[in-house]
$ cat work11.cif   # mmCIF, C-alpha atoms
data_query
#
loop_
_atom_site.label_atom_id
_atom_site.label_comp_id
_atom_site.auth_asym_id
_atom_site.auth_seq_id
_atom_site.Cartn_x
_atom_site.Cartn_y
_atom_site.Cartn_z
CA MET A 259 77.62 -19.51 20.84
CA THR A 260 75.53 -17.54 18.34
CA GLU A 261 76.90 -17.52 14.81
CA THR A 262 77.78 -14.06 13.48
CA PRO A 263 75.72 -13.40 10.32
CA SER A 264 77.76 -13.13 7.16
CA LEU A 265 78.17 -9.67 5.65
CA ASP A 266 76.00 -10.39 2.62
CA ARG A 267 73.20 -11.78 4.76
CA ALA A 268 73.39 -8.85 7.20
CA LEU A 269 73.29 -6.35 4.34
CA ALA A 270 70.36 -8.11 2.67
CA THR A 271 68.45 -8.02 5.94
CA TYR A 272 69.18 -4.33 6.50
CA VAL A 273 68.14 -3.40 2.96
CA ALA A 274 64.95 -5.46 3.22
CA GLU A 275 64.01 -3.82 6.52
CA THR A 276 64.66 -0.35 5.11
CA ARG A 277 62.67 -1.11 1.98
CA ALA A 278 59.74 -2.31 4.08
CA ALA A 279 59.79 0.93 6.06
CA ILE A 280 59.89 3.03 2.88
CA GLU A 281 57.24 1.12 0.96
CA ALA A 282 54.61 1.17 3.70
CA PRO A 283 51.51 3.26 2.76
CA TYR A 284 52.00 5.85 5.51
CA LEU A 285 54.71 7.66 3.53
CA LEU A 286 52.48 8.50 0.57
CA GLU A 287 49.67 9.54 2.90
CA ALA A 288 52.02 11.89 4.76
CA LEU A 289 53.51 13.38 1.59
CA ARG A 290 50.02 14.18 0.29
CA LYS A 291 49.76 16.53 3.28
CA ILE A 292 53.35 17.76 3.37
CA VAL A 293 53.72 18.82 -0.27
CA PRO A 294 50.83 21.37 -0.14
CA ILE A 295 52.29 22.82 3.06
CA PHE A 296 55.64 23.44 1.36
CA LEU A 297 54.01 24.83 -1.78
CA LYS A 298 51.93 27.23 0.30
CA ALA A 299 55.01 28.28 2.28
CA ARG A 300 56.80 29.08 -0.98
CA GLU A 301 53.82 30.94 -2.44
CA GLU A 302 53.29 33.02 0.71
CA ASP A 303 57.01 33.52 1.38
CA ARG A 304 56.79 31.79 4.76
CA THR A 305 59.75 30.41 6.68
CA VAL A 306 60.21 26.69 7.36
CA TYR A 307 62.14 25.94 10.57
CA PHE A 308 63.90 22.59 10.99
CA PHE A 309 65.35 21.23 14.23
CA GLY A 310 66.51 18.03 15.89
CA ASN A 311 69.26 16.50 18.03
CA GLY A 312 72.23 14.34 17.03
CA GLY A 313 71.57 12.57 13.76
CA SER A 314 68.28 14.44 13.49
CA ALA A 315 70.17 17.74 13.75
CA SER A 316 72.24 16.62 10.80
CA THR A 317 69.04 15.77 8.92
CA ALA A 318 67.61 19.21 9.74
CA SER A 319 70.71 20.90 8.31
CA HIS A 320 70.57 18.64 5.25
CA PHE A 321 66.92 19.57 4.70
CA VAL A 322 67.79 23.26 4.62
CA VAL A 323 70.55 22.82 2.04
CA ASP A 324 68.46 20.68 -0.27
CA ILE A 325 65.11 22.45 0.04
CA ALA A 326 66.46 26.02 -0.05
CA LYS A 327 69.02 25.44 -2.81
CA GLY A 328 67.89 22.34 -4.67
CA THR A 329 64.33 23.43 -5.42
CA ARG A 330 65.27 26.69 -7.17
CA ARG A 331 64.69 26.89 -10.91
CA SER A 332 68.21 28.17 -11.63
CA LEU A 333 71.46 28.48 -9.69
CA HIS A 334 72.72 31.26 -11.97
CA PRO A 335 72.41 34.98 -11.23
CA GLY A 336 69.33 36.56 -12.74
CA PRO A 337 65.78 37.59 -11.88
CA LEU A 338 64.65 36.34 -8.50
CA THR A 339 62.31 33.36 -8.52
CA GLN A 340 60.20 32.06 -5.68
CA ARG A 341 62.15 29.91 -3.27
CA ILE A 342 61.44 28.20 0.02
CA ARG A 343 62.85 30.15 2.94
CA CYS A 344 64.49 27.65 5.35
CA VAL A 345 66.33 27.80 8.70
CA ALA A 346 67.90 25.00 10.76
CA LEU A 347 67.67 26.11 14.38
CA ASN A 348 70.36 23.66 15.51
CA ASP A 349 72.86 25.41 13.19
CA ASN A 350 72.77 28.58 15.32
CA VAL A 351 75.39 27.21 17.70
CA PRO A 352 75.90 30.38 19.79
CA SER A 353 72.16 30.63 20.49
CA VAL A 354 71.94 26.92 21.26
CA MET A 355 74.82 27.17 23.73
CA ALA A 356 73.53 30.37 25.31
CA TRP A 357 70.06 28.99 25.98
CA ALA A 358 71.47 25.66 27.16
CA ASN A 359 73.89 27.37 29.52
CA ASP A 360 71.73 30.21 30.81
CA ALA A 361 68.28 28.60 30.91
CA SER A 362 67.83 24.95 29.94
CA TYR A 363 68.77 22.62 27.10
CA ASP A 364 65.05 21.99 26.73
CA ARG A 365 64.63 25.59 25.49
CA ILE A 366 67.33 25.74 22.79
CA PHE A 367 64.79 25.56 19.94
CA SER A 368 61.65 26.99 21.53
CA GLU A 369 63.25 30.30 22.44
CA GLN A 370 64.61 30.74 18.93
CA LEU A 371 61.16 30.08 17.53
CA ARG A 372 59.66 32.66 19.88
CA GLY A 373 61.94 35.30 18.44
CA LEU A 374 61.65 34.32 14.78
CA ALA A 375 58.44 32.51 13.85
CA VAL A 376 55.12 34.10 12.96
CA ARG A 377 51.67 32.70 12.27
CA GLY A 378 51.61 30.83 8.97
CA ASP A 379 55.22 29.62 9.17
CA VAL A 380 56.09 25.91 9.26
CA ALA A 381 58.14 23.88 11.75
CA VAL A 382 59.64 20.50 10.90
CA ALA A 383 60.39 18.78 14.21
CA ILE A 384 62.68 15.75 13.90
CA SER A 385 63.05 13.23 16.71
CA GLY A 386 63.69 9.54 16.14
CA SER A 387 62.06 8.61 19.44
CA GLY A 388 59.44 11.35 19.32
CA ASN A 389 60.25 12.20 22.93
CA SER A 390 63.15 14.68 22.79
CA PRO A 391 62.23 17.34 25.41
CA ASN A 392 63.70 20.28 23.48
CA VAL A 393 61.89 19.25 20.30
CA LEU A 394 58.58 18.86 22.14
CA GLU A 395 59.04 22.24 23.86
CA ALA A 396 59.54 23.88 20.47
CA VAL A 397 56.42 22.18 19.14
CA LYS A 398 54.42 23.65 22.03
CA VAL A 399 55.66 27.13 21.17
CA ALA A 400 54.95 26.57 17.48
CA GLN A 401 51.37 25.68 18.36
CA GLU A 402 51.04 28.85 20.45
CA LEU A 403 52.30 30.95 17.53
CA GLY A 404 50.04 29.38 14.89
CA VAL A 405 52.90 27.58 13.15
CA THR A 406 52.08 24.35 11.29
CA VAL A 407 54.08 21.42 12.69
CA ILE A 408 55.35 18.48 10.66
CA GLY A 409 56.80 15.81 12.95
CA LEU A 410 59.30 13.25 11.67
CA THR A 411 59.70 10.38 14.08
CA GLY A 412 59.72 6.59 14.41
CA ILE A 413 59.95 3.87 17.06
CA GLY A 414 56.25 4.25 17.86
CA GLY A 415 56.13 8.01 17.44
CA GLY A 416 56.38 9.05 21.09
CA LYS A 417 54.68 12.26 22.16
CA LEU A 418 55.53 14.00 18.89
CA LYS A 419 53.09 11.74 17.07
CA GLU A 420 50.18 13.21 19.03
CA MET A 421 51.39 16.81 18.96
CA ALA A 422 52.30 17.32 15.29
CA ASP A 423 49.73 18.54 12.76
CA VAL A 424 51.27 16.09 10.26
CA PRO A 425 53.10 13.23 11.99
CA VAL A 426 55.34 10.92 9.94
CA VAL A 427 56.04 7.82 12.03
CA VAL A 428 58.47 5.37 10.46
CA PRO A 429 57.13 1.87 11.25
CA SER A 430 60.40 0.53 12.63
CA PRO A 431 61.95 0.00 16.08
CA SER A 432 65.37 0.86 14.62
CA MET A 433 66.84 4.36 14.89
CA GLN A 434 68.97 3.65 11.81
CA HIS A 435 65.98 2.74 9.64
CA THR A 436 64.05 5.69 11.04
CA GLU A 437 66.81 8.10 10.06
CA ASP A 438 67.24 6.38 6.68
CA VAL A 439 63.58 7.04 5.87
CA HIS A 440 63.75 10.65 7.07
CA LEU A 441 66.57 11.25 4.58
CA PHE A 442 64.69 9.39 1.85
CA LEU A 443 61.68 11.63 2.47
CA LEU A 444 63.91 14.71 2.28
CA HIS A 445 65.47 13.71 -1.02
CA PHE A 446 62.16 12.71 -2.57
CA LEU A 447 60.51 15.95 -1.43
CA MET A 448 63.34 18.04 -2.86
CA ALA A 449 63.26 16.21 -6.21
CA TYR A 450 59.47 16.39 -6.40
CA LEU A 451 59.34 20.11 -5.66
CA ARG A 452 62.14 20.76 -8.16
CA ASP A 453 60.90 18.58 -11.00
CA VAL A 454 57.10 18.44 -10.66
CA HIS A 455 56.36 21.76 -8.92
CA PRO A 456 59.21 24.11 -9.87
CA PRO A 457 58.89 27.76 -8.89
CA PRO A 458 57.43 30.12 -11.48
CA ALA A 459 60.01 31.64 -13.82
#
$ encode --input "work11.cif" --output "structure tokens"
Amino acid sequence: MTETPSLDRALATYVAETRAAIEAPYLLEALRKIVPIFLKAREEDRTVYFFGNGGSASTASHFVVDIAKGTRRSLHPGPLTQRIRCVALNDNVPSVMAWANDASYDRIFSEQLRGLAVRGDVAVAISGSGNSPNVLEAVKVAQELGVTVIGLTGIGGGKLKEMADVPVVVPSPSMQHTEDVHLFLLHFLMAYLRDVHPPPA
């Protein structure tokens, strides 16, 4: 019978594996490409669309809150400052349900993009496996529309790795570590844009 690892040993292993996934060089290389995309989107008043399923849907919603609200210079009423316009497509539940029911679940994001996105906008596609059909379908539409695609994935990257303009593939076979790093990237990006590249007053 295999011995169950003690809690402290299991936690130490989990933390070490997460740290290894965060400290790998790919993250800095990806951020060097992602930061200019977000700065350009803010400068040109473009929209950034986020989408994903399950835990990745939660991450997409979290991105919108932090990037749209957390990167503003001030939360108090006053003169408008530049901000990053953000939308989480999975948060539009009636549209998601309508497209899933009337057409196909594969089209819940792509059809929203068709109606909203324009050339120069940005799409952040989030799929732990990199193979979610509805995420990939939306990426295809984004490419047709001239929308820059950032793909957050892991577990080898799947098809999203090859399709995204800027793929971020967490070097881990674990969905938990993959999602941990996606949230780490979100929080770092928000803090960096707020503290190092704040919007003009």
$ resolve_selection --input "work11.cif" --expression "the PyMOL selection byres ((chain A and resi 399-414) around 9)" --output "number ranges by chain"
A: 292, 295, 368-369, 371-372, 375-388, 394-398, 415-416, 418-419, 421-433, 435-437, 440
$ residues_around --input "work11.cif" --residues "stretch 441-446 of chain A" --least-positions-apart "4" --cutoff "12 Å" --atoms "all atoms listed in the file" --output "ChimeraX atom specification"
/A:276-277,279-281,284-286,288-289,292-293,308,313-326,328-329,382,384,410-411,426-428,434-437,450-454
$ atom_distance --input "work11.cif" --atom1 "atom CA of A:Gly312" --atom2 "atom CA of A:Ser362"
17.3 Å
$ atom_distance --input "work11.cif" --atom1 "atom CA of A:Thr305" --atom2 "atom CA of A:Asn359"
27.0 Å
$ atom_distance --input "work11.cif" --atom1 "atom CA of A:Leu447" --atom2 "atom CA of A:Tyr307"
15.7 Å
$ axis_aligned_box --input "work11.cif" --around "stretch 277-285 of chain A" --padding-each-side "4 Å" --output "lines of an AutoDock Vina configuration file"
center_x = 57.1
center_y = 2.7
center_z = 3.5
size_x = 19.2
size_y = 18.0
size_z = 13.1
$ resolve_selection --input "work11.cif" --expression "the PyMOL selection byres ((chain A and resi 367) around 9)" --output "tab-separated table (two decimals) with C-alpha atoms, in the frame of the given file"
chain	number	residue	atom	x	y	z
A	309	PHE	CA	65.35	21.23	14.23
A	310	GLY	CA	66.51	18.03	15.89
A	347	LEU	CA	67.67	26.11	14.38
A	348	ASN	CA	70.36	23.66	15.51
A	353	SER	CA	72.16	30.63	20.49
A	354	VAL	CA	71.94	26.92	21.26
A	357	TRP	CA	70.06	28.99	25.98
A	363	TYR	CA	68.77	22.62	27.10
A	364	ASP	CA	65.05	21.99	26.73
A	365	ARG	CA	64.63	25.59	25.49
A	366	ILE	CA	67.33	25.74	22.79
A	368	SER	CA	61.65	26.99	21.53
A	369	GLU	CA	63.25	30.30	22.44
A	370	GLN	CA	64.61	30.74	18.93
A	371	LEU	CA	61.16	30.08	17.53
A	372	ARG	CA	59.66	32.66	19.88
A	392	ASN	CA	63.70	20.28	23.48
A	393	VAL	CA	61.89	19.25	20.30
A	395	GLU	CA	59.04	22.24	23.86
A	396	ALA	CA	59.54	23.88	20.47
